[in-house]
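Student: If it helps, the file is called my_file_3.txt and holds compact mmCIF, N, CA and C atoms:
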```txt
# COMPACT_ATOMS: atom_id res chain seq x y z
N MET B 1 -20.29 155.30 -34.85
CA MET B 1 -21.00 154.64 -35.91
C MET B 1 -21.27 155.62 -37.03
N LYS B 2 -20.99 155.20 -38.27
CA LYS B 2 -21.18 156.07 -39.42
C LYS B 2 -22.37 155.57 -40.25
N LEU B 3 -23.24 156.51 -40.63
CA LEU B 3 -24.42 156.18 -41.43
C LEU B 3 -24.34 156.89 -42.77
N LEU B 4 -24.85 156.23 -43.81
CA LEU B 4 -24.93 156.81 -45.14
C LEU B 4 -26.40 157.03 -45.47
N VAL B 5 -26.76 158.29 -45.76
CA VAL B 5 -28.14 158.65 -46.10
C VAL B 5 -28.18 158.97 -47.59
N VAL B 6 -29.04 158.24 -48.32
CA VAL B 6 -29.12 158.39 -49.77
C VAL B 6 -30.53 158.81 -50.16
N ASP B 7 -30.66 160.00 -50.76
CA ASP B 7 -31.96 160.47 -51.22
C ASP B 7 -31.70 161.59 -52.22
N ASP B 8 -32.45 161.61 -53.32
CA ASP B 8 -32.24 162.67 -54.30
C ASP B 8 -32.79 164.01 -53.83
N SER B 9 -33.58 164.00 -52.77
CA SER B 9 -34.10 165.24 -52.19
C SER B 9 -33.17 165.73 -51.07
N SER B 10 -32.58 166.91 -51.27
CA SER B 10 -31.69 167.46 -50.23
C SER B 10 -32.48 167.75 -48.95
N THR B 11 -33.76 168.12 -49.10
CA THR B 11 -34.61 168.38 -47.93
C THR B 11 -34.79 167.11 -47.12
N MET B 12 -35.07 165.99 -47.79
CA MET B 12 -35.26 164.73 -47.08
C MET B 12 -33.96 164.27 -46.42
N ARG B 13 -32.83 164.46 -47.11
CA ARG B 13 -31.54 164.11 -46.49
C ARG B 13 -31.33 164.93 -45.22
N ARG B 14 -31.66 166.22 -45.29
CA ARG B 14 -31.49 167.09 -44.12
C ARG B 14 -32.40 166.64 -42.97
N ILE B 15 -33.66 166.31 -43.27
CA ILE B 15 -34.59 165.84 -42.23
C ILE B 15 -34.05 164.58 -41.56
N ILE B 16 -33.60 163.63 -42.37
CA ILE B 16 -33.07 162.37 -41.81
C ILE B 16 -31.81 162.64 -41.00
N LYS B 17 -30.91 163.47 -41.54
CA LYS B 17 -29.67 163.81 -40.85
C LYS B 17 -29.94 164.48 -39.51
N ASN B 18 -30.86 165.45 -39.49
CA ASN B 18 -31.21 166.15 -38.25
C ASN B 18 -31.82 165.19 -37.23
N THR B 19 -32.67 164.30 -37.70
CA THR B 19 -33.27 163.30 -36.80
C THR B 19 -32.19 162.40 -36.23
N LEU B 20 -31.28 161.94 -37.07
CA LEU B 20 -30.18 161.08 -36.60
C LEU B 20 -29.31 161.82 -35.59
N ALA B 21 -29.06 163.09 -35.84
CA ALA B 21 -28.24 163.89 -34.91
C ALA B 21 -28.91 163.98 -33.55
N ARG B 22 -30.24 164.18 -33.55
CA ARG B 22 -30.98 164.23 -32.27
C ARG B 22 -30.94 162.89 -31.55
N LEU B 23 -30.76 161.81 -32.31
CA LEU B 23 -30.68 160.47 -31.71
C LEU B 23 -29.24 160.15 -31.29
N GLY B 24 -28.33 161.11 -31.53
CA GLY B 24 -26.95 160.91 -31.10
C GLY B 24 -26.01 160.42 -32.18
N HIS B 25 -26.50 160.32 -33.40
CA HIS B 25 -25.65 159.86 -34.51
C HIS B 25 -25.11 161.07 -35.27
N LYS B 26 -23.84 161.41 -35.00
CA LYS B 26 -23.24 162.61 -35.57
C LYS B 26 -22.48 162.33 -36.86
N GLU B 27 -22.02 161.08 -37.04
CA GLU B 27 -21.25 160.74 -38.23
C GLU B 27 -22.19 160.26 -39.33
N VAL B 28 -22.58 161.20 -40.21
CA VAL B 28 -23.50 160.89 -41.29
C VAL B 28 -22.93 161.44 -42.59
N VAL B 29 -22.82 160.57 -43.59
CA VAL B 29 -22.42 161.00 -44.92
C VAL B 29 -23.65 160.90 -45.83
N GLU B 30 -23.64 161.68 -46.91
CA GLU B 30 -24.81 161.76 -47.78
C GLU B 30 -24.46 161.42 -49.23
N ALA B 31 -25.50 161.01 -49.96
CA ALA B 31 -25.39 160.81 -51.41
C ALA B 31 -26.74 161.13 -52.03
N GLU B 32 -26.70 161.62 -53.28
CA GLU B 32 -27.93 162.01 -53.98
C GLU B 32 -28.59 160.86 -54.73
N ASN B 33 -27.83 159.80 -55.01
CA ASN B 33 -28.37 158.67 -55.76
C ASN B 33 -27.51 157.44 -55.51
N GLY B 34 -27.91 156.33 -56.10
CA GLY B 34 -27.20 155.08 -55.87
C GLY B 34 -25.76 155.08 -56.35
N VAL B 35 -25.49 155.78 -57.45
CA VAL B 35 -24.12 155.85 -57.98
C VAL B 35 -23.21 156.55 -56.97
N GLU B 36 -23.67 157.70 -56.47
CA GLU B 36 -22.90 158.43 -55.45
C GLU B 36 -22.74 157.60 -54.18
N ALA B 37 -23.82 156.92 -53.80
CA ALA B 37 -23.80 156.10 -52.58
C ALA B 37 -22.77 154.99 -52.71
N TRP B 38 -22.73 154.35 -53.87
CA TRP B 38 -21.77 153.26 -54.08
C TRP B 38 -20.34 153.79 -53.96
N LYS B 39 -20.11 155.00 -54.52
CA LYS B 39 -18.79 155.63 -54.43
C LYS B 39 -18.43 155.88 -52.96
N GLN B 40 -19.40 156.38 -52.18
CA GLN B 40 -19.19 156.62 -50.74
C GLN B 40 -18.82 155.31 -50.03
N LEU B 41 -19.54 154.25 -50.34
CA LEU B 41 -19.27 152.95 -49.70
C LEU B 41 -17.87 152.45 -50.03
N GLU B 42 -17.46 152.63 -51.27
CA GLU B 42 -16.14 152.17 -51.70
C GLU B 42 -15.02 153.01 -51.07
N GLU B 43 -15.29 154.32 -50.87
CA GLU B 43 -14.27 155.21 -50.32
C GLU B 43 -14.24 155.22 -48.79
N ASN B 44 -15.38 154.95 -48.16
CA ASN B 44 -15.48 154.97 -46.70
C ASN B 44 -15.80 153.57 -46.19
N LYS B 45 -14.78 152.82 -45.90
CA LYS B 45 -14.99 151.43 -45.48
C LYS B 45 -15.55 151.33 -44.06
N ASP B 46 -15.78 152.49 -43.42
CA ASP B 46 -16.27 152.49 -42.04
C ASP B 46 -17.76 152.83 -41.94
N ILE B 47 -18.49 152.77 -43.06
CA ILE B 47 -19.94 153.02 -43.00
C ILE B 47 -20.62 151.79 -42.42
N ASP B 48 -21.46 152.02 -41.40
CA ASP B 48 -22.09 150.92 -40.68
C ASP B 48 -23.54 150.65 -41.08
N VAL B 49 -24.26 151.71 -41.47
CA VAL B 49 -25.68 151.59 -41.77
C VAL B 49 -25.99 152.38 -43.04
N LEU B 50 -26.84 151.80 -43.89
CA LEU B 50 -27.29 152.46 -45.12
C LEU B 50 -28.78 152.78 -45.00
N ILE B 51 -29.12 154.06 -45.19
CA ILE B 51 -30.51 154.50 -45.20
C ILE B 51 -30.75 155.08 -46.59
N THR B 52 -31.62 154.44 -47.38
CA THR B 52 -31.77 154.86 -48.76
C THR B 52 -33.22 155.03 -49.20
N ASP B 53 -33.41 155.99 -50.09
CA ASP B 53 -34.67 156.18 -50.78
C ASP B 53 -34.77 155.11 -51.87
N TRP B 54 -35.96 154.92 -52.44
CA TRP B 54 -36.13 153.98 -53.55
C TRP B 54 -36.01 154.72 -54.88
N ASN B 55 -36.83 155.75 -55.06
CA ASN B 55 -36.92 156.44 -56.36
C ASN B 55 -35.89 157.56 -56.47
N MET B 56 -34.83 157.28 -57.26
CA MET B 56 -33.77 158.25 -57.48
C MET B 56 -33.26 158.08 -58.91
N PRO B 57 -32.67 159.15 -59.47
CA PRO B 57 -32.07 159.03 -60.81
C PRO B 57 -30.75 158.25 -60.77
N GLU B 58 -30.28 157.88 -61.92
CA GLU B 58 -28.99 157.21 -62.16
C GLU B 58 -28.96 155.76 -61.65
N MET B 59 -29.11 155.55 -60.35
CA MET B 59 -29.25 154.20 -59.79
C MET B 59 -30.24 154.33 -58.64
N ASN B 60 -31.37 153.62 -58.74
CA ASN B 60 -32.37 153.76 -57.68
C ASN B 60 -31.99 152.94 -56.44
N GLY B 61 -32.77 153.11 -55.39
CA GLY B 61 -32.46 152.46 -54.13
C GLY B 61 -32.49 150.95 -54.18
N LEU B 62 -33.41 150.39 -54.95
CA LEU B 62 -33.50 148.93 -55.06
C LEU B 62 -32.26 148.38 -55.76
N GLU B 63 -31.82 149.05 -56.82
CA GLU B 63 -30.60 148.63 -57.52
C GLU B 63 -29.40 148.75 -56.59
N LEU B 64 -29.36 149.81 -55.79
CA LEU B 64 -28.27 150.00 -54.83
C LEU B 64 -28.25 148.87 -53.81
N VAL B 65 -29.42 148.55 -53.27
CA VAL B 65 -29.51 147.47 -52.27
C VAL B 65 -29.00 146.16 -52.86
N LYS B 66 -29.42 145.84 -54.08
CA LYS B 66 -28.98 144.60 -54.72
C LYS B 66 -27.47 144.59 -54.94
N LYS B 67 -26.91 145.74 -55.33
CA LYS B 67 -25.46 145.85 -55.55
C LYS B 67 -24.71 145.67 -54.22
N VAL B 68 -25.21 146.34 -53.17
CA VAL B 68 -24.57 146.23 -51.85
C VAL B 68 -24.62 144.78 -51.37
N ARG B 69 -25.77 144.15 -51.51
CA ARG B 69 -25.93 142.76 -51.04
C ARG B 69 -25.13 141.75 -51.87
N SER B 70 -24.71 142.14 -53.07
CA SER B 70 -23.93 141.22 -53.91
C SER B 70 -22.48 141.12 -53.44
N LYS B 71 -22.07 142.03 -52.56
CA LYS B 71 -20.70 142.03 -52.05
C LYS B 71 -20.66 141.42 -50.65
N ASP B 72 -19.80 140.43 -50.46
CA ASP B 72 -19.69 139.75 -49.16
C ASP B 72 -19.40 140.71 -48.02
N GLU B 73 -18.58 141.74 -48.28
CA GLU B 73 -18.19 142.67 -47.21
C GLU B 73 -19.37 143.45 -46.64
N TYR B 74 -20.48 143.52 -47.40
CA TYR B 74 -21.65 144.27 -46.95
C TYR B 74 -22.84 143.39 -46.57
N GLU B 75 -22.61 142.07 -46.49
CA GLU B 75 -23.75 141.18 -46.26
C GLU B 75 -24.45 141.42 -44.92
N ASP B 76 -23.72 141.93 -43.93
CA ASP B 76 -24.32 142.16 -42.61
C ASP B 76 -24.68 143.63 -42.36
N MET B 77 -24.44 144.49 -43.35
CA MET B 77 -24.74 145.92 -43.17
C MET B 77 -26.26 146.13 -43.08
N PRO B 78 -26.72 146.76 -41.99
CA PRO B 78 -28.15 147.07 -41.89
C PRO B 78 -28.55 148.09 -42.97
N ILE B 79 -29.65 147.80 -43.66
CA ILE B 79 -30.16 148.71 -44.68
C ILE B 79 -31.62 149.02 -44.37
N ILE B 80 -31.92 150.34 -44.31
CA ILE B 80 -33.29 150.79 -44.11
C ILE B 80 -33.70 151.56 -45.37
N MET B 81 -34.84 151.18 -45.93
CA MET B 81 -35.36 151.92 -47.08
C MET B 81 -36.42 152.89 -46.60
N VAL B 82 -36.27 154.17 -46.99
CA VAL B 82 -37.21 155.22 -46.62
C VAL B 82 -37.80 155.72 -47.94
N THR B 83 -39.10 155.46 -48.16
CA THR B 83 -39.66 155.74 -49.48
C THR B 83 -41.16 156.05 -49.44
N THR B 84 -41.65 156.60 -50.52
CA THR B 84 -43.09 156.82 -50.65
C THR B 84 -43.79 155.55 -51.15
N GLU B 85 -43.00 154.56 -51.58
CA GLU B 85 -43.56 153.30 -52.08
C GLU B 85 -44.06 152.48 -50.90
N GLY B 86 -45.37 152.58 -50.63
CA GLY B 86 -45.91 151.94 -49.43
C GLY B 86 -46.74 150.70 -49.68
N GLY B 87 -46.82 150.26 -50.92
CA GLY B 87 -47.63 149.08 -51.23
C GLY B 87 -46.99 147.81 -50.71
N LYS B 88 -47.83 146.82 -50.43
CA LYS B 88 -47.34 145.54 -49.90
C LYS B 88 -46.34 144.90 -50.86
N ALA B 89 -46.62 144.96 -52.16
CA ALA B 89 -45.72 144.36 -53.15
C ALA B 89 -44.35 145.02 -53.12
N GLU B 90 -44.32 146.34 -52.97
CA GLU B 90 -43.05 147.07 -52.92
C GLU B 90 -42.25 146.69 -51.68
N VAL B 91 -42.94 146.60 -50.55
CA VAL B 91 -42.26 146.22 -49.30
C VAL B 91 -41.65 144.82 -49.46
N ILE B 92 -42.39 143.89 -50.00
CA ILE B 92 -41.90 142.52 -50.20
C ILE B 92 -40.71 142.51 -51.15
N THR B 93 -40.81 143.27 -52.24
CA THR B 93 -39.70 143.37 -53.21
C THR B 93 -38.43 143.88 -52.53
N ALA B 94 -38.58 144.92 -51.73
CA ALA B 94 -37.43 145.51 -51.03
C ALA B 94 -36.82 144.53 -50.03
N LEU B 95 -37.67 143.85 -49.28
CA LEU B 95 -37.18 142.88 -48.29
C LEU B 95 -36.46 141.73 -48.97
N LYS B 96 -37.00 141.26 -50.09
CA LYS B 96 -36.35 140.17 -50.84
C LYS B 96 -35.00 140.61 -51.39
N ALA B 97 -34.88 141.91 -51.71
CA ALA B 97 -33.61 142.44 -52.25
C ALA B 97 -32.54 142.55 -51.16
N GLY B 98 -32.98 142.54 -49.89
CA GLY B 98 -32.00 142.58 -48.80
C GLY B 98 -32.15 143.73 -47.82
N VAL B 99 -33.26 144.47 -47.94
CA VAL B 99 -33.51 145.55 -46.99
C VAL B 99 -33.87 144.95 -45.62
N ASN B 100 -33.31 145.51 -44.54
CA ASN B 100 -33.61 145.01 -43.19
C ASN B 100 -34.86 145.61 -42.60
N ASN B 101 -35.16 146.86 -43.02
CA ASN B 101 -36.36 147.52 -42.50
C ASN B 101 -36.84 148.54 -43.51
N TYR B 102 -38.08 148.99 -43.32
CA TYR B 102 -38.76 149.78 -44.35
C TYR B 102 -39.56 150.89 -43.69
N ILE B 103 -39.39 152.11 -44.16
CA ILE B 103 -40.14 153.26 -43.62
C ILE B 103 -40.85 153.95 -44.77
N VAL B 104 -42.14 154.20 -44.60
CA VAL B 104 -42.90 154.90 -45.64
C VAL B 104 -42.97 156.39 -45.29
N LYS B 105 -42.63 157.23 -46.29
CA LYS B 105 -42.72 158.69 -46.12
C LYS B 105 -44.18 159.10 -46.23
N PRO B 106 -44.61 160.13 -45.52
CA PRO B 106 -43.86 160.83 -44.47
C PRO B 106 -43.78 159.98 -43.20
N PHE B 107 -42.78 160.23 -42.39
CA PHE B 107 -42.58 159.46 -41.17
C PHE B 107 -42.22 160.41 -40.03
N THR B 108 -42.35 159.91 -38.81
CA THR B 108 -42.00 160.72 -37.64
C THR B 108 -40.58 160.34 -37.18
N PRO B 109 -39.92 161.22 -36.44
CA PRO B 109 -38.61 160.88 -35.89
C PRO B 109 -38.67 159.59 -35.05
N GLN B 110 -39.79 159.37 -34.37
CA GLN B 110 -39.94 158.18 -33.54
C GLN B 110 -39.87 156.90 -34.38
N VAL B 111 -40.47 156.94 -35.56
CA VAL B 111 -40.45 155.77 -36.46
C VAL B 111 -39.01 155.48 -36.89
N LEU B 112 -38.27 156.51 -37.27
CA LEU B 112 -36.87 156.32 -37.67
C LEU B 112 -36.07 155.76 -36.51
N LYS B 113 -36.29 156.29 -35.32
CA LYS B 113 -35.59 155.81 -34.12
C LYS B 113 -35.87 154.33 -33.89
N GLU B 114 -37.14 153.94 -33.96
CA GLU B 114 -37.51 152.54 -33.72
C GLU B 114 -36.93 151.60 -34.77
N LYS B 115 -36.99 152.00 -36.04
CA LYS B 115 -36.48 151.15 -37.12
C LYS B 115 -34.97 151.01 -37.01
N LEU B 116 -34.29 152.10 -36.66
CA LEU B 116 -32.83 152.06 -36.51
C LEU B 116 -32.44 151.17 -35.34
N GLU B 117 -33.13 151.32 -34.22
CA GLU B 117 -32.86 150.46 -33.05
C GLU B 117 -33.11 149.00 -33.41
N ASP B 118 -34.15 148.75 -34.20
CA ASP B 118 -34.49 147.39 -34.60
C ASP B 118 -33.37 146.74 -35.42
N VAL B 119 -32.83 147.47 -36.41
CA VAL B 119 -31.78 146.87 -37.24
C VAL B 119 -30.44 146.78 -36.53
N LEU B 120 -30.25 147.62 -35.51
CA LEU B 120 -28.99 147.59 -34.77
C LEU B 120 -29.02 146.59 -33.62
N GLY B 121 -30.21 146.07 -33.35
CA GLY B 121 -30.33 145.06 -32.29
C GLY B 121 -30.47 145.67 -30.96
```
Since I need it in another form, could you write the structure as structure tokens?

Tutor:
Amino acid sequence: MKLLVVDDSSTMRRIIKNTLARLGHKEVVEAENGVEAWKQLEENKDIDVLITDWNMPEMNGLELVKKVRSKDEYEDMPIIMVTTEGGKAEVITALKAGVNNYIVKPFTPQVLKEKLEDVLG
């Protein structure tokens, strides 16, 4: 299974990647923003899960989610948003855009594990 981790913070990408590796997910590709993430999705047709931040330059996570959901080929792709945006309105906005699950930073490895298991069934 291949996962795409999108965050403008290299530290946060590393934390998520290391956590995923400990959970047994070794195939992880990264992107710094939505534009890079979209390029990764177009070039790697084998990406199974998208984990994205909300606040990023060039194309933010919400715009990325909407773009991904606009394509039929990605309609079933699990998307987890990992963000500092923890307000109820933000969570609802993200879910309406097509996010399957939502994690508020800072988070524990256990939270990421549970949310990932949840979206994977």

Student: Might you pull out every residue within 8 Å of Lys96 in chain B, with all atoms listed in the file counted and same-chain residues fewer than 5 positions away left off, and present them as a PyMOL selection string?

Tutor: chain B and resi 66+90-91

Student: The selected residues should be written to file as an mmCIF file, in the coordinates of the input (atoms: N, CA and C atoms).

Tutor:
```cif
data_model
loop_
_atom_site.group_PDB
_atom_site.id
_atom_site.type_symbol
_atom_site.label_atom_id
_atom_site.label_comp_id
_atom_site.auth_asym_id
_atom_site.auth_seq_id
_atom_site.Cartn_x
_atom_site.Cartn_y
_atom_site.Cartn_z
ATOM 1 N N LYS B 66 -29.420 145.840 -54.080
ATOM 2 C CA LYS B 66 -28.980 144.600 -54.720
ATOM 3 C C LYS B 66 -27.470 144.590 -54.940
ATOM 4 N N GLU B 90 -44.320 146.340 -52.970
ATOM 5 C CA GLU B 90 -43.050 147.070 -52.920
ATOM 6 C C GLU B 90 -42.250 146.690 -51.680
ATOM 7 N N VAL B 91 -42.940 146.600 -50.550
ATOM 8 C CA VAL B 91 -42.260 146.220 -49.300
ATOM 9 C C VAL B 91 -41.650 144.820 -49.460
#
```

Student: Please compute the atom N of Asp76 in chain B-atom C of Leu20 in chain B distance, one decimal, in Å.

Tutor: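 These atoms are spaced 22.3 Å apart.
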
Student: Restricting the calculation to all atoms listed in the file, which member of B:Val49, B:Ala89, B:Ile16, B:Leu112 is positioned closest to Leu4 in chain B?

Tutor: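 Result for the nearest residue to Leu4 in chain B: B:Val49.
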
Student: Record the distance separating atom N of Gly98 in chain B and atom N of Val29 in chain B, expressed in Å with one decimal.

Tutor: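 Those two atoms sit 21.6 Å apart.
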
Student: Could you give me the residues within chain B that DSSP places in alpha helix (DSSP H), as a PyMOL selection string?

Tutor: chain B and resi 10-22+34-43+61-69+88-97+109-120

Student: Could you tell me which of B:Glu85, B:Glu42, B:Asp7, B:Glu27 comes closest to Lys105 in chain B if we count all atoms listed in the file?

Tutor: B:Glu85

Student: What parts of range 27-100 of chain B does DSSP call strand (DSSP E)? I'd like the answer as a ChimeraX atom specification.

Tutor: /B:27-31,47-52,79-83

Student: Using N, CA and C atoms, can you write the selected residues to a file as an mmCIF file, in the coordinates of the input?

Tutor:
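Result saved to result22.cif:
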```
data_model
loop_
_atom_site.group_PDB
_atom_site.id
_atom_site.type_symbol
_atom_site.label_atom_id
_atom_site.label_comp_id
_atom_site.auth_asym_id
_atom_site.auth_seq_id
_atom_site.Cartn_x
_atom_site.Cartn_y
_atom_site.Cartn_z
ATOM 1 N N GLU B 27 -22.020 161.080 -37.040
ATOM 2 C CA GLU B 27 -21.250 160.740 -38.230
ATOM 3 C C GLU B 27 -22.190 160.260 -39.330
ATOM 4 N N VAL B 28 -22.580 161.200 -40.210
ATOM 5 C CA VAL B 28 -23.500 160.890 -41.290
ATOM 6 C C VAL B 28 -22.930 161.440 -42.590
ATOM 7 N N VAL B 29 -22.820 160.570 -43.590
ATOM 8 C CA VAL B 29 -22.420 161.000 -44.920
ATOM 9 C C VAL B 29 -23.650 160.900 -45.830
ATOM 10 N N GLU B 30 -23.640 161.680 -46.910
ATOM 11 C CA GLU B 30 -24.810 161.760 -47.780
ATOM 12 C C GLU B 30 -24.460 161.420 -49.230
ATOM 13 N N ALA B 31 -25.500 161.010 -49.960
ATOM 14 C CA ALA B 31 -25.390 160.810 -51.410
ATOM 15 C C ALA B 31 -26.740 161.130 -52.030
ATOM 16 N N ILE B 47 -18.490 152.770 -43.060
ATOM 17 C CA ILE B 47 -19.940 153.020 -43.000
ATOM 18 C C ILE B 47 -20.620 151.790 -42.420
ATOM 19 N N ASP B 48 -21.460 152.020 -41.400
ATOM 20 C CA ASP B 48 -22.090 150.920 -40.680
ATOM 21 C C ASP B 48 -23.540 150.650 -41.080
ATOM 22 N N VAL B 49 -24.260 151.710 -41.470
ATOM 23 C CA VAL B 49 -25.680 151.590 -41.770
ATOM 24 C C VAL B 49 -25.990 152.380 -43.040
ATOM 25 N N LEU B 50 -26.840 151.800 -43.890
ATOM 26 C CA LEU B 50 -27.290 152.460 -45.120
ATOM 27 C C LEU B 50 -28.780 152.780 -45.000
ATOM 28 N N ILE B 51 -29.120 154.060 -45.190
ATOM 29 C CA ILE B 51 -30.510 154.500 -45.200
ATOM 30 C C ILE B 51 -30.750 155.080 -46.590
ATOM 31 N N THR B 52 -31.620 154.440 -47.380
ATOM 32 C CA THR B 52 -31.770 154.860 -48.760
ATOM 33 C C THR B 52 -33.220 155.030 -49.200
ATOM 34 N N ILE B 79 -29.650 147.800 -43.660
ATOM 35 C CA ILE B 79 -30.160 148.710 -44.680
ATOM 36 C C ILE B 79 -31.620 149.020 -44.370
ATOM 37 N N ILE B 80 -31.920 150.340 -44.310
ATOM 38 C CA ILE B 80 -33.290 150.790 -44.110
ATOM 39 C C ILE B 80 -33.700 151.560 -45.370
ATOM 40 N N MET B 81 -34.840 151.180 -45.930
ATOM 41 C CA MET B 81 -35.360 151.920 -47.080
ATOM 42 C C MET B 81 -36.420 152.890 -46.600
ATOM 43 N N VAL B 82 -36.270 154.170 -46.990
ATOM 44 C CA VAL B 82 -37.210 155.220 -46.620
ATOM 45 C C VAL B 82 -37.800 155.720 -47.940
ATOM 46 N N THR B 83 -39.100 155.460 -48.160
ATOM 47 C CA THR B 83 -39.660 155.740 -49.480
ATOM 48 C C THR B 83 -41.160 156.050 -49.440
#
```

Student: Quick one: residues within 8 Å of Thr84 in chain B, all atoms listed in the file counted, chain neighbours fewer than 2 positions away excluded, as a ChimeraX atom specification?

Tutor: /B:53-55,81-82,86-87,103-106

Student: What is the CA of Glu117 in chain B to atom C of Asn18 in chain B distance in Å?

Tutor: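 Interatomic distance here is 15.3 Å.
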
Student: Taking into account all atoms listed in the file, which residue in the set B:Glu32, B:Lys88, B:Glu58, B:Lys115 is nearest to Ser10 in chain B?

Tutor: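 Counting all atoms listed in the file, the residue closest to Ser10 in chain B is B:Glu32.
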